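Chemist: The file below is input_23.txt, compact mmCIF, C-alpha atoms:
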```
# COMPACT_ATOMS: atom_id res chain seq x y z
CA MET A 12 2.14 -2.48 -35.08
CA GLY A 13 -0.10 0.56 -35.26
CA GLY A 14 -3.81 0.68 -35.85
CA LYS A 15 -6.33 -0.98 -33.66
CA LEU A 16 -5.29 -4.28 -32.24
CA PRO A 17 -7.52 -7.27 -32.75
CA LYS A 18 -9.11 -8.83 -29.72
CA TYR A 19 -7.72 -12.20 -28.65
CA ASN A 20 -9.11 -14.66 -26.20
CA GLU A 21 -6.79 -15.88 -23.46
CA GLY A 22 -5.97 -19.14 -25.22
CA GLU A 23 -4.95 -17.43 -28.48
CA LEU A 24 -3.00 -14.79 -26.63
CA VAL A 25 -1.02 -17.33 -24.61
CA GLU A 26 -0.34 -19.36 -27.75
CA MET A 27 1.02 -16.27 -29.52
CA LEU A 28 3.07 -15.19 -26.51
CA ARG A 29 4.74 -18.60 -26.50
CA ARG A 30 5.72 -18.02 -30.13
CA GLN A 31 7.36 -14.75 -28.97
CA ASP A 32 5.01 -12.72 -31.10
CA ARG A 33 5.49 -8.96 -30.85
CA GLN A 34 1.85 -8.18 -31.52
CA ALA A 35 0.82 -10.47 -28.67
CA PHE A 36 3.08 -8.64 -26.24
CA ASN A 37 1.68 -5.32 -27.40
CA TYR A 38 -1.79 -6.60 -26.69
CA LEU A 39 -0.84 -8.03 -23.30
CA TYR A 40 0.84 -4.84 -22.21
CA ASP A 41 -1.87 -2.51 -23.48
CA ASN A 42 -4.58 -4.49 -21.74
CA TYR A 43 -3.00 -5.47 -18.45
CA SER A 44 -0.24 -2.98 -17.58
CA ASP A 45 -2.58 -0.46 -15.92
CA ALA A 46 -4.16 -3.04 -13.64
CA LEU A 47 -0.81 -4.55 -12.66
CA TYR A 48 0.79 -1.15 -12.15
CA GLY A 49 -2.10 -0.12 -9.90
CA ILE A 50 -1.47 -3.16 -7.74
CA VAL A 51 2.30 -2.79 -7.53
CA LEU A 52 1.91 0.90 -6.73
CA LYS A 53 -0.38 0.03 -3.84
CA VAL A 54 2.16 -2.43 -2.47
CA VAL A 55 5.39 -0.42 -2.78
CA ARG A 56 3.93 3.11 -2.77
CA SER A 57 6.74 4.66 -4.78
CA GLU A 58 6.23 5.41 -8.44
CA GLU A 59 9.88 4.93 -9.25
CA THR A 60 10.09 1.54 -7.58
CA ALA A 61 6.75 0.47 -9.02
CA GLN A 62 8.01 1.26 -12.52
CA ASP A 63 11.18 -0.77 -12.01
CA LEU A 64 9.15 -3.65 -10.65
CA LEU A 65 6.63 -3.49 -13.48
CA GLN A 66 9.52 -3.94 -15.92
CA GLU A 67 10.72 -6.95 -13.97
CA ILE A 68 7.21 -8.37 -13.83
CA PHE A 69 6.58 -8.14 -17.57
CA VAL A 70 9.97 -9.67 -18.33
CA LYS A 71 9.13 -12.55 -15.97
CA ILE A 72 5.72 -13.02 -17.57
CA TRP A 73 7.36 -13.11 -20.97
CA LYS A 74 10.05 -15.58 -19.95
CA ASN A 75 7.79 -17.88 -17.96
CA ILE A 76 4.71 -17.93 -20.17
CA SER A 77 5.46 -21.56 -21.08
CA GLN A 78 4.87 -22.47 -17.42
CA TYR A 79 1.39 -20.99 -17.38
CA ASP A 80 -1.20 -23.74 -17.39
CA VAL A 81 -4.50 -22.63 -18.93
CA GLY A 82 -6.26 -25.45 -17.08
CA LYS A 83 -5.22 -24.07 -13.70
CA GLY A 84 -6.95 -20.73 -13.93
CA ARG A 85 -7.16 -17.33 -15.53
CA LEU A 86 -4.16 -15.65 -17.09
CA PHE A 87 -4.62 -12.59 -14.92
CA THR A 88 -4.59 -14.65 -11.72
CA TRP A 89 -1.25 -16.10 -12.80
CA MET A 90 0.14 -12.66 -13.66
CA LEU A 91 -1.20 -11.23 -10.40
CA ASN A 92 0.78 -13.91 -8.55
CA ILE A 93 3.97 -12.90 -10.35
CA ALA A 94 3.29 -9.23 -9.62
CA ARG A 95 2.50 -9.92 -5.98
CA ASN A 96 5.55 -12.10 -5.40
CA THR A 97 7.91 -9.72 -7.17
CA SER A 98 6.70 -6.74 -5.12
CA ILE A 99 6.75 -8.59 -1.83
CA ASP A 100 10.20 -10.04 -2.50
CA TYR A 101 11.39 -6.55 -3.19
CA LEU A 102 9.99 -5.21 0.07
CA ARG A 103 11.23 -8.09 2.18
CA VAL A 104 14.74 -8.28 0.70
CA ASN A 105 15.69 -4.73 -0.23
CA ARG A 106 13.94 -2.61 2.27
CA PRO A 107 12.97 -4.49 5.43
CA GLU A 108 12.44 -1.16 7.18
CA ILE A 109 9.36 -0.60 5.05
CA GLN A 110 7.52 -3.24 6.99
CA GLU A 111 8.03 -1.26 10.18
CA ILE A 112 7.03 2.11 8.81
CA ASP A 113 3.95 0.69 7.26
CA SER A 114 0.89 0.96 9.41
CA ALA A 115 -2.66 -0.18 9.20
CA VAL A 116 -3.76 3.42 9.43
CA TYR A 117 -2.14 4.12 6.10
CA TRP A 118 -4.05 1.36 4.42
CA VAL A 119 -7.32 2.77 5.64
CA GLU A 120 -6.42 6.33 4.69
CA GLY A 121 -5.07 5.14 1.37
CA ASN A 122 -8.44 3.76 0.51
CA GLN A 123 -10.00 7.17 0.51
CA ASN A 124 -7.88 8.10 -2.48
CA ILE A 125 -8.77 5.05 -4.50
CA TYR A 126 -11.84 6.70 -5.91
CA ASN A 127 -9.84 9.33 -7.76
CA GLU A 128 -7.96 6.65 -9.65
CA LEU A 129 -10.95 4.78 -10.98
CA ASP A 130 -11.56 5.24 -14.65
CA SER A 131 -14.74 3.31 -15.03
CA ASN A 132 -17.79 4.62 -13.23
CA GLU A 133 -19.49 1.30 -13.26
CA LEU A 134 -16.63 -0.59 -11.65
CA ARG A 135 -16.21 2.22 -9.20
CA GLU A 136 -19.80 1.95 -8.12
CA ILE A 137 -19.54 -1.77 -7.63
CA VAL A 138 -16.40 -1.60 -5.56
CA SER A 139 -17.82 1.19 -3.43
CA GLN A 140 -20.53 -1.19 -2.29
CA LEU A 141 -17.86 -2.96 -0.26
CA LYS A 142 -17.24 -1.61 3.20
CA PRO A 143 -13.96 0.33 3.49
CA GLU A 144 -12.75 -2.31 5.90
CA GLN A 145 -13.41 -5.04 3.34
CA GLN A 146 -11.45 -3.10 0.74
CA THR A 147 -8.55 -2.73 3.14
CA LEU A 148 -8.55 -6.46 3.75
CA ILE A 149 -8.73 -7.33 0.07
CA GLU A 150 -5.81 -5.08 -0.71
CA MET A 151 -3.69 -6.24 2.20
CA VAL A 152 -4.28 -9.94 1.73
CA TYR A 153 -4.93 -10.38 -1.99
CA TRP A 154 -2.10 -8.25 -3.25
CA GLY A 155 -0.35 -6.72 -0.28
CA GLY A 156 1.09 -10.17 0.36
CA TYR A 157 -0.02 -10.11 3.97
CA THR A 158 -0.77 -13.43 5.59
CA HIS A 159 -3.94 -13.68 7.65
CA GLU A 160 -1.78 -13.55 10.79
CA GLU A 161 0.02 -10.37 9.71
CA ALA A 162 -3.23 -8.66 8.75
CA ALA A 163 -4.77 -9.61 12.09
CA GLN A 164 -1.81 -8.16 13.93
CA ARG A 165 -1.79 -4.95 11.96
CA LEU A 166 -5.49 -4.32 12.22
CA SER A 167 -5.62 -5.53 15.85
CA MET A 168 -8.35 -8.00 14.99
CA PRO A 169 -8.72 -11.62 16.08
CA LEU A 170 -7.30 -14.03 13.51
CA GLY A 171 -10.62 -15.81 13.05
CA THR A 172 -12.36 -12.53 12.28
CA VAL A 173 -9.77 -11.62 9.66
CA LYS A 174 -10.12 -15.01 7.97
CA THR A 175 -13.90 -14.79 7.82
CA ARG A 176 -13.92 -11.20 6.66
CA VAL A 177 -11.31 -11.69 3.96
CA ARG A 178 -13.34 -14.52 2.51
CA SER A 179 -16.67 -12.74 2.78
CA ALA A 180 -15.22 -9.59 1.20
CA LEU A 181 -14.34 -11.51 -1.92
CA ARG A 182 -17.62 -13.34 -1.91
CA ASP A 183 -19.54 -10.06 -1.66
CA LEU A 184 -17.48 -8.61 -4.45
CA ARG A 185 -18.29 -11.59 -6.62
CA LYS A 186 -21.97 -11.18 -5.86
CA PHE A 187 -21.90 -7.51 -6.85
CA PHE A 188 -20.16 -8.27 -10.11
CA SER A 189 -22.48 -11.06 -11.10
CA SER A 190 -25.71 -9.26 -10.24
CA MET B 30 -16.43 -38.38 -3.46
CA ILE B 31 -16.39 -35.09 -1.59
CA ASN B 32 -19.17 -32.73 -0.70
CA THR B 33 -18.40 -29.94 -3.16
CA LYS B 34 -20.84 -27.51 -1.56
CA GLU B 35 -19.08 -27.87 1.79
CA TYR B 36 -15.70 -27.60 0.15
CA ILE B 37 -16.66 -24.36 -1.60
CA GLU B 38 -18.11 -22.90 1.58
CA SER B 39 -15.03 -23.78 3.63
CA GLY B 40 -13.32 -20.68 2.22
CA VAL B 41 -10.31 -22.59 0.92
CA LEU B 42 -10.82 -21.21 -2.61
CA GLU B 43 -10.63 -17.63 -1.36
CA ASP B 44 -7.51 -18.50 0.62
CA TYR B 45 -6.03 -20.15 -2.47
CA LEU B 46 -6.46 -16.95 -4.46
CA SER B 47 -4.80 -14.84 -1.80
CA GLY B 48 -1.91 -17.27 -1.51
CA ASN B 49 -2.84 -18.18 2.07
CA VAL B 50 -2.77 -21.96 1.65
CA SER B 51 -0.24 -24.70 2.34
CA GLU B 52 1.45 -26.51 -0.53
CA GLN B 53 -0.84 -29.49 0.00
CA GLU B 54 -4.00 -27.37 0.00
CA ARG B 55 -2.82 -25.67 -3.17
CA ARG B 56 -2.44 -28.96 -5.00
CA GLU B 57 -5.78 -30.10 -3.65
CA VAL B 58 -7.56 -27.01 -4.99
CA GLU B 59 -5.91 -27.38 -8.40
CA CYS B 60 -6.73 -31.07 -8.56
CA LEU B 61 -10.32 -30.83 -7.33
CA SER B 62 -11.13 -27.91 -9.62
CA LYS B 63 -10.11 -30.12 -12.52
CA ILE B 64 -12.40 -32.94 -11.38
CA TYR B 65 -15.46 -31.02 -10.20
CA PRO B 66 -16.94 -28.50 -12.63
CA GLU B 67 -18.82 -26.71 -9.82
CA ILE B 68 -15.55 -26.08 -7.95
CA LYS B 69 -13.89 -24.91 -11.15
CA ALA B 70 -16.79 -22.54 -11.85
CA GLU B 71 -16.63 -21.13 -8.34
CA LEU B 72 -12.87 -20.60 -8.54
CA GLU B 73 -13.28 -18.98 -11.95
CA GLN B 74 -15.88 -16.53 -10.66
CA LEU B 75 -13.83 -15.64 -7.61
CA SER B 76 -10.72 -14.97 -9.71
CA GLU B 77 -12.81 -12.88 -12.03
CA ALA B 78 -13.92 -10.75 -9.07
CA VAL B 79 -10.29 -10.23 -8.02
CA GLU B 80 -9.43 -9.36 -11.61
CA ARG B 81 -12.20 -6.80 -11.91
CA TYR B 82 -11.25 -5.30 -8.59
CA ALA B 83 -7.71 -4.85 -9.92
CA PHE B 84 -9.02 -3.30 -13.13
CA ALA B 85 -11.16 -0.90 -11.13
CA HIS B 86 -7.97 0.37 -9.48
CA SER B 87 -5.91 0.68 -12.65
CA VAL B 88 -3.24 3.35 -12.83
CA SER B 89 -1.43 4.08 -16.10
CA PRO B 90 2.34 3.82 -15.95
CA PRO B 91 4.31 6.42 -17.96
CA ALA B 92 4.14 5.74 -21.70
CA SER B 93 7.92 5.38 -21.98
CA LEU B 94 7.88 2.25 -19.83
CA LYS B 95 6.50 0.04 -22.56
CA GLU B 96 9.45 0.67 -24.84
CA LYS B 97 11.88 0.10 -22.01
CA ILE B 98 10.33 -3.28 -21.37
CA MET B 99 10.13 -4.25 -25.02
CA ALA B 100 13.83 -3.46 -25.44
CA GLN B 101 14.53 -6.22 -22.94
CA LEU B 102 12.53 -8.87 -24.76
CA GLU B 103 13.46 -11.01 -27.71
CA PHE B 104 10.82 -11.34 -30.38
CA LYS B 105 10.67 -13.84 -33.20
CA GLU B 106 10.19 -11.53 -36.17
CA GLU B 107 8.57 -12.65 -39.39
CA GLU B 108 11.41 -13.01 -41.86
CA VAL B 109 9.59 -11.89 -44.99
CA GLN B 110 12.31 -9.66 -46.42
CA GLU B 111 15.10 -12.17 -45.96
CA GLU B 112 13.16 -14.92 -47.72
CA VAL B 113 12.60 -12.77 -50.80
CA SER B 114 16.30 -12.02 -51.15
CA THR B 115 17.39 -15.64 -50.78
CA GLU B 116 14.98 -16.68 -53.53
CA ASP B 117 17.00 -14.58 -55.95
CA GLU B 118 19.89 -16.92 -55.47
CA THR B 119 18.19 -19.97 -56.96
CA PRO B 120 18.88 -19.16 -60.66
CA VAL B 121 22.59 -19.68 -59.99
CA LEU B 122 22.10 -23.43 -60.09
CA PRO B 123 22.08 -23.94 -63.93
CA LEU B 124 25.76 -22.88 -64.08
CA ASN B 125 27.22 -26.35 -64.75
CA SER B 126 24.40 -27.78 -66.84
CA ARG B 127 24.52 -25.54 -69.96
CA ASN B 128 27.42 -24.05 -71.90
CA ASN B 129 25.88 -22.07 -74.73
CA SER B 130 26.75 -18.37 -74.79
CA PHE B 131 23.12 -17.26 -74.85
CA GLN B 132 22.60 -19.08 -71.57
CA TRP B 133 25.77 -17.55 -70.15
CA GLY B 134 24.10 -14.15 -70.34
CA TRP B 135 21.34 -15.51 -68.19
CA VAL B 136 23.78 -16.95 -65.76
CA ALA B 137 25.61 -13.65 -65.51
CA ALA B 138 22.34 -11.76 -64.96
CA ALA B 139 21.29 -14.29 -62.39
CA SER B 140 24.62 -14.01 -60.62
CA VAL B 141 24.30 -10.26 -60.48
CA ALA B 142 20.79 -10.62 -59.14
CA ALA B 143 22.04 -13.12 -56.60
CA LEU B 144 24.85 -10.81 -55.63
CA ILE B 145 22.47 -7.90 -55.17
CA GLY B 146 20.21 -10.19 -53.20
CA SER B 147 23.06 -11.24 -50.96
CA VAL B 148 24.18 -7.67 -50.44
CA VAL B 149 20.66 -6.66 -49.46
CA TYR B 150 20.49 -9.67 -47.20
CA PHE B 151 23.85 -9.03 -45.56
CA ASN B 152 23.12 -5.34 -45.18
CA ALA B 153 20.00 -6.23 -43.27
CA LYS B 154 22.05 -8.61 -41.11
CA VAL B 155 24.69 -5.97 -40.47
CA ASP B 156 21.98 -3.50 -39.54
CA THR B 157 20.51 -5.78 -36.91
CA LEU B 158 23.99 -6.65 -35.66
CA SER B 159 25.01 -3.03 -35.25
CA GLN B 160 21.75 -2.35 -33.46
CA THR B 161 22.56 -5.15 -31.04
CA VAL B 162 26.08 -3.82 -30.52
CA ALA B 163 24.74 -0.31 -29.86
CA LYS B 164 22.26 -1.69 -27.36
CA GLN B 165 24.94 -3.65 -25.57
CA GLN B 166 27.22 -0.63 -25.47
CA THR B 167 24.55 1.43 -23.74
CA GLU B 168 23.96 -1.39 -21.29
CA LEU B 169 27.68 -1.64 -20.59
CA GLN B 170 27.88 2.10 -20.04
CA GLN B 171 25.00 1.98 -17.61
CA GLN B 172 26.59 -0.90 -15.74
CA THR B 173 29.97 0.79 -15.56
CA GLN B 174 28.28 3.87 -14.18
CA GLN B 175 26.44 1.81 -11.60
CA LEU B 176 29.64 0.05 -10.59
CA GLN B 177 31.41 3.37 -10.19
CA GLN B 178 28.61 4.65 -7.97
CA GLN B 179 28.79 1.50 -5.87
CA THR B 180 32.57 1.75 -5.53
CA GLU B 181 32.29 5.37 -4.40
CA LEU B 182 29.59 4.32 -2.00
CA VAL B 183 31.75 1.62 -0.43
CA ALA B 184 34.78 3.92 -0.23
CA GLY B 185 32.74 6.66 1.41
CA LEU B 186 31.27 4.32 3.97
CA SER B 187 34.34 2.45 5.10
CA SER B 188 35.56 4.73 7.91
CA VAL B 189 35.19 3.26 11.41
CA ASP B 190 34.02 6.59 12.83
CA ASN B 191 30.96 6.60 10.61
CA GLN B 192 27.57 6.53 12.12
CA PHE B 193 24.64 5.46 9.98
CA VAL B 194 21.23 6.99 10.43
CA THR B 195 18.34 5.68 8.37
CA LEU B 196 15.69 8.33 7.83
CA LYS B 197 12.36 6.64 7.39
CA GLY B 198 9.32 7.89 5.53
CA VAL B 199 6.62 9.69 7.47
CA GLU B 200 2.88 9.74 6.62
CA LYS B 201 3.43 11.91 3.56
CA SER B 202 5.58 9.29 1.87
CA PRO B 203 5.84 6.08 3.89
CA SER B 204 7.94 4.20 1.34
CA SER B 205 10.65 6.86 1.20
CA ALA B 206 13.97 6.28 2.87
CA VAL B 207 17.29 8.12 3.03
CA ARG B 208 20.54 7.07 4.66
CA VAL B 209 22.76 9.64 6.34
CA VAL B 210 26.38 8.81 7.08
CA TRP B 211 27.76 11.07 9.75
CA ASN B 212 31.35 11.04 10.84
CA ALA B 213 31.51 12.31 14.41
CA LYS B 214 35.28 12.94 14.15
CA THR B 215 35.48 14.86 10.91
CA GLN B 216 31.89 16.14 11.30
CA GLU B 217 31.32 15.24 7.66
CA VAL B 218 27.81 14.40 6.54
CA GLN B 219 27.10 12.25 3.51
CA LEU B 220 23.74 11.22 2.19
CA ASN B 221 22.43 8.34 0.10
CA VAL B 222 18.90 8.38 -1.29
CA LEU B 223 17.33 4.94 -0.90
CA SER B 224 13.94 5.97 -2.18
CA LEU B 225 12.30 9.35 -2.70
CA PRO B 226 9.69 10.46 -5.22
CA THR B 227 11.16 12.45 -8.12
CA PRO B 228 10.49 16.13 -7.31
CA ALA B 229 9.01 18.70 -9.71
CA SER B 230 11.68 20.60 -11.65
CA ASP B 231 11.32 23.73 -9.50
CA LYS B 232 11.76 21.78 -6.25
CA GLN B 233 14.65 20.21 -4.39
CA TYR B 234 15.01 18.12 -1.29
CA GLN B 235 16.80 19.71 1.65
CA LEU B 236 18.55 17.97 4.55
CA TRP B 237 18.23 19.33 8.07
CA ALA B 238 19.95 18.44 11.31
CA LEU B 239 17.97 18.92 14.49
CA VAL B 240 20.21 20.32 17.21
CA GLY B 241 18.58 20.99 20.57
CA GLY B 242 15.19 21.14 18.87
CA LYS B 243 16.29 23.63 16.22
CA PRO B 244 16.66 22.80 12.52
CA VAL B 245 20.04 23.51 10.91
CA ASP B 246 20.33 23.59 7.13
CA LEU B 247 22.70 20.96 5.70
CA GLY B 248 22.10 21.77 2.05
CA VAL B 249 19.97 20.63 -0.86
CA PHE B 250 20.46 17.46 -2.89
CA ASP B 251 19.16 15.64 -5.95
CA VAL B 252 17.67 12.18 -6.20
CA THR B 253 20.61 10.10 -7.47
CA GLY B 254 22.02 6.70 -6.59
CA SER B 255 25.39 8.05 -5.47
CA LEU B 256 26.67 9.25 -2.12
CA GLN B 257 26.36 13.02 -1.81
CA LYS B 258 28.43 15.26 0.40
CA MET B 259 26.37 17.64 2.55
CA LYS B 260 27.34 20.44 4.95
CA ALA B 261 29.28 19.31 8.03
CA ILE B 262 27.79 19.46 11.51
CA PRO B 263 29.49 18.93 14.88
CA GLN B 264 26.40 17.81 16.72
CA ALA B 265 22.93 16.47 15.83
CA ASP B 266 20.03 14.77 17.61
CA ALA B 267 18.18 13.84 14.42
CA PHE B 268 18.15 14.34 10.67
CA ALA B 269 15.17 15.15 8.45
CA VAL B 270 14.45 15.83 4.78
CA THR B 271 11.85 18.26 3.45
CA LEU B 272 10.90 19.23 -0.08
CA GLU B 273 11.65 22.91 -0.70
CA ARG B 274 11.92 25.30 -3.63
CA LYS B 275 15.00 24.86 -5.80
CA GLY B 276 18.10 26.01 -3.91
CA GLY B 277 16.49 25.49 -0.52
CA ASN B 278 14.84 27.56 2.18
CA PRO B 279 16.22 29.09 5.38
CA VAL B 280 13.65 27.22 7.48
CA PRO B 281 12.05 23.84 6.75
CA THR B 282 8.48 23.61 5.44
CA LEU B 283 7.11 21.09 7.92
CA SER B 284 4.12 20.12 5.80
CA GLU B 285 6.65 18.89 3.23
CA LEU B 286 8.51 16.58 5.64
CA TYR B 287 9.39 13.33 3.86
CA VAL B 288 11.77 11.34 6.03
CA MET B 289 13.20 11.57 9.49
CA GLY B 290 15.58 9.60 11.71
CA LYS B 291 17.04 9.95 15.20
CA VAL B 292 20.74 9.72 15.93
CA THR B 293 21.36 6.92 18.40
CA SER B 294 24.17 7.79 20.75
```
Please express what this file holds, its structure, as structure tokens.
Modeler:
Amino acid sequence: MGGKLPKYNEGELVEMLRRQDRQAFNYLYDNYSDALYGIVLKVVRSEETAQDLLQEIFVKIWKNISQYDVGKGRLFTWMLNIARNTSIDYLRVNRPEIQEIDSAVYWVEGNQNIYNELDSNELREIVSQLKPEQQTLIEMVYWGGYTHEEAAQRLSMPLGTVKTRVRSALRDLRKFFSS
Amino acid sequence: MINTKEYIESGVLEDYLSGNVSEQERREVECLSKIYPEIKAELEQLSEAVERYAFAHSVSPPASLKEKIMAQLEFKEEEVQEEVSTEDETPVLPLNSRNNSFQWGWVAAASVAALIGSVVYFNAKVDTLSQTVAKQQTELQQQTQQLQQQTELVAGLSSVDNQFVTLKGVEKSPSSAVRVVWNAKTQEVQLNVLSLPTPASDKQYQLWALVGGKPVDLGVFDVTGSLQKMKAIPQADAFAVTLERKGGNPVPTLSELYVMGKVTS
């Protein structure tokens, strides 16, 4: 440990994680914990809970890394799934009342604060090209664990509209990133 | 042969990434993206966009969290030190093969070296073992404490006259929740924090009962997992929690209202 960590590609990193290499975990945590924590925090909205869940998530990643199939997609997508499922399970099982308290209004208001959390100006600029409504949808559906039906209900939008907009939000985002 | 352009435009890849697909669609996406490079490329770019979005909204967890997590993981350490010490043991082997006194000196020296090696080796083992024991003791202590809290919780809740009021988070802190247990007979009020943000060190949460529209102070409390006894009240329409200065305030600061719940009669 100590000093600057070398940079690994995903394949090398996964290989080392499977060998239970300490250095590899250091690297994984240092590079991905902020992004995953940001997501979990958005879903559960309590720092204490988010920290407990982040522990659970990293332990799950560590224990299940042998199940990750490089051919099926990016490492982060796989980790995002674990993070999303762990947070949603928590909300559904432990605190069903959260679902009631939660309102679409909060999601929209919550988005106004996002900008303070960004640490990279460039990324921030790109994301701000999305309409606030698109951001809300991305957050609800891609990591809030909302189904299209639930999002439609909460935002009082027709289901078809939600489906189209969720897809187009991601497509726009992709366009911004690649241009 | 499928029309990959149509497949990509159908939106199923976006739905796959958000988890909004059936089991069959999921397998289809995974299978087709292995067969068709253009589908794989599309999926890759879309996941990259999601990834970057997540990175744009990064928030750093407290630094102490990393150690907490690492303490729960088992690493395969490189066993450099142990290998060196076991190598010292090899010179013991010539013991039976030679019997001249000059050689015996060597054997003795080698034995001593081996002994030292073993001691070093076993000391290292003992060190790791005692670390493990210490870790397990702390875990056991934590669990015992948790169990005790739970037992108290169950004991405190078991009266038939108890009424449970869940105070739910308001806009300020939607994920907060507090449970109040109110015994209408004994007028006793107990409180259990389900989730509240940790307050600054000069602040404390305060419980209020609303009686005929007026707030009545029921005392301050800390964020712990156990059931806390508050001031008794004969009558209440609702309960609420605000964040106040340490020790509490005579009237609630309404801008610092965290949770609230009505008593159902």
Chemist: With chain A as the partner and 6 Å as the cut-off, tabulate the residues of chain B that qualify, each row holding the nearest pair of atoms and their distance in Å to one decimal, using only C-alpha atoms, sorted by chain and rising number, as JSON lines.
Modeler:
```
{"residue": "B:Glu43", "atom": "CA", "partner": "A:Arg178", "partner_atom": "CA", "distance": 5.7}
{"residue": "B:Ser47", "atom": "CA", "partner": "A:Tyr153", "partner_atom": "CA", "distance": 4.5}
{"residue": "B:Ala78", "atom": "CA", "partner": "A:Arg185", "partner_atom": "CA", "distance": 5.1}
{"residue": "B:Ala83", "atom": "CA", "partner": "A:Ala46", "partner_atom": "CA", "distance": 5.5}
{"residue": "B:Phe84", "atom": "CA", "partner": "A:Ala46", "partner_atom": "CA", "distance": 4.9}
{"residue": "B:Ala85", "atom": "CA", "partner": "A:Leu134", "partner_atom": "CA", "distance": 5.5}
{"residue": "B:His86", "atom": "CA", "partner": "A:Leu129", "partner_atom": "CA", "distance": 5.5}
{"residue": "B:Ser87", "atom": "CA", "partner": "A:Ala46", "partner_atom": "CA", "distance": 4.2}
{"residue": "B:Val88", "atom": "CA", "partner": "A:Gly49", "partner_atom": "CA", "distance": 4.7}
{"residue": "B:Ser89", "atom": "CA", "partner": "A:Asp45", "partner_atom": "CA", "distance": 4.7}
{"residue": "B:Ile98", "atom": "CA", "partner": "A:Gln66", "partner_atom": "CA", "distance": 5.5}
{"residue": "B:Phe104", "atom": "CA", "partner": "A:Gln31", "partner_atom": "CA", "distance": 5.1}
{"residue": "B:Lys105", "atom": "CA", "partner": "A:Gln31", "partner_atom": "CA", "distance": 5.4}
{"residue": "B:Ser204", "atom": "CA", "partner": "A:Arg56", "partner_atom": "CA", "distance": 5.8}
```
Chemist: For Leu61 in chain B, which residue among B:Lys214, B:Ser230, B:Lys201, B:Ile31 is the nearest when counting all atoms listed in the file?
Modeler: B:Ile31
Chemist: Smallest atom-to-atom distance to Leu148 in chain A: which of A:Glu26, A:Ile76, A:Ala35, A:Val173, using all atoms listed in the file?
Modeler: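 Between A:Glu26, A:Ile76, A:Ala35, A:Val173, the residue approaching Leu148 in chain A most closely is A:Val173.
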Chemist: Rounded to one decimal place, report the CA of Ile68 in chain B-CA of Ile37 in chain B distance in Å.
Modeler: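 So the answer is 6.7 Å.
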Chemist: Counting all atoms listed in the file, what is within 10 Å of Met289 in chain B, bar same-chain residues fewer than 3 positions away, as a list in words?
Modeler: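 Non-adjacent residues within range: Val194, Thr195, Leu196, Lys197, Gly198, Val199, Ser205, Ala206, Val207, Arg208, Leu236, Trp237, Ala238, Ala267, Phe268, Ala269, Val270, Thr271 and Leu286 of chain B.
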Chemist: Please determine, counting all atoms listed in the file, which residue among A:Arg176, A:Ile72, A:Tyr19, A:Met27 has the shortest atom-to-atom distance to Lys142 in chain A.
Modeler: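 Closest candidate: A:Arg176.
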Chemist: Skip Val218 in chain B itself and residues of its chain fewer than 2 positions away, then list as a compact mmCIF listing (two decimals) with C-alpha atoms, in the frame of the given file all residues within 6 Å of it, counting all atoms listed in the file.
Modeler:
```txt
# COMPACT_ATOMS: atom_id res chain seq x y z
CA VAL B 210 26.38 8.81 7.08
CA TRP B 211 27.76 11.07 9.75
CA MET B 259 26.37 17.64 2.55
CA ALA B 261 29.28 19.31 8.03
```
Chemist: Using Å and a single decimal, report how far CA of Lys291 in chain B sits from CA of Thr215 in chain B.
Modeler: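 Here the two named atoms are 19.6 Å from each other.
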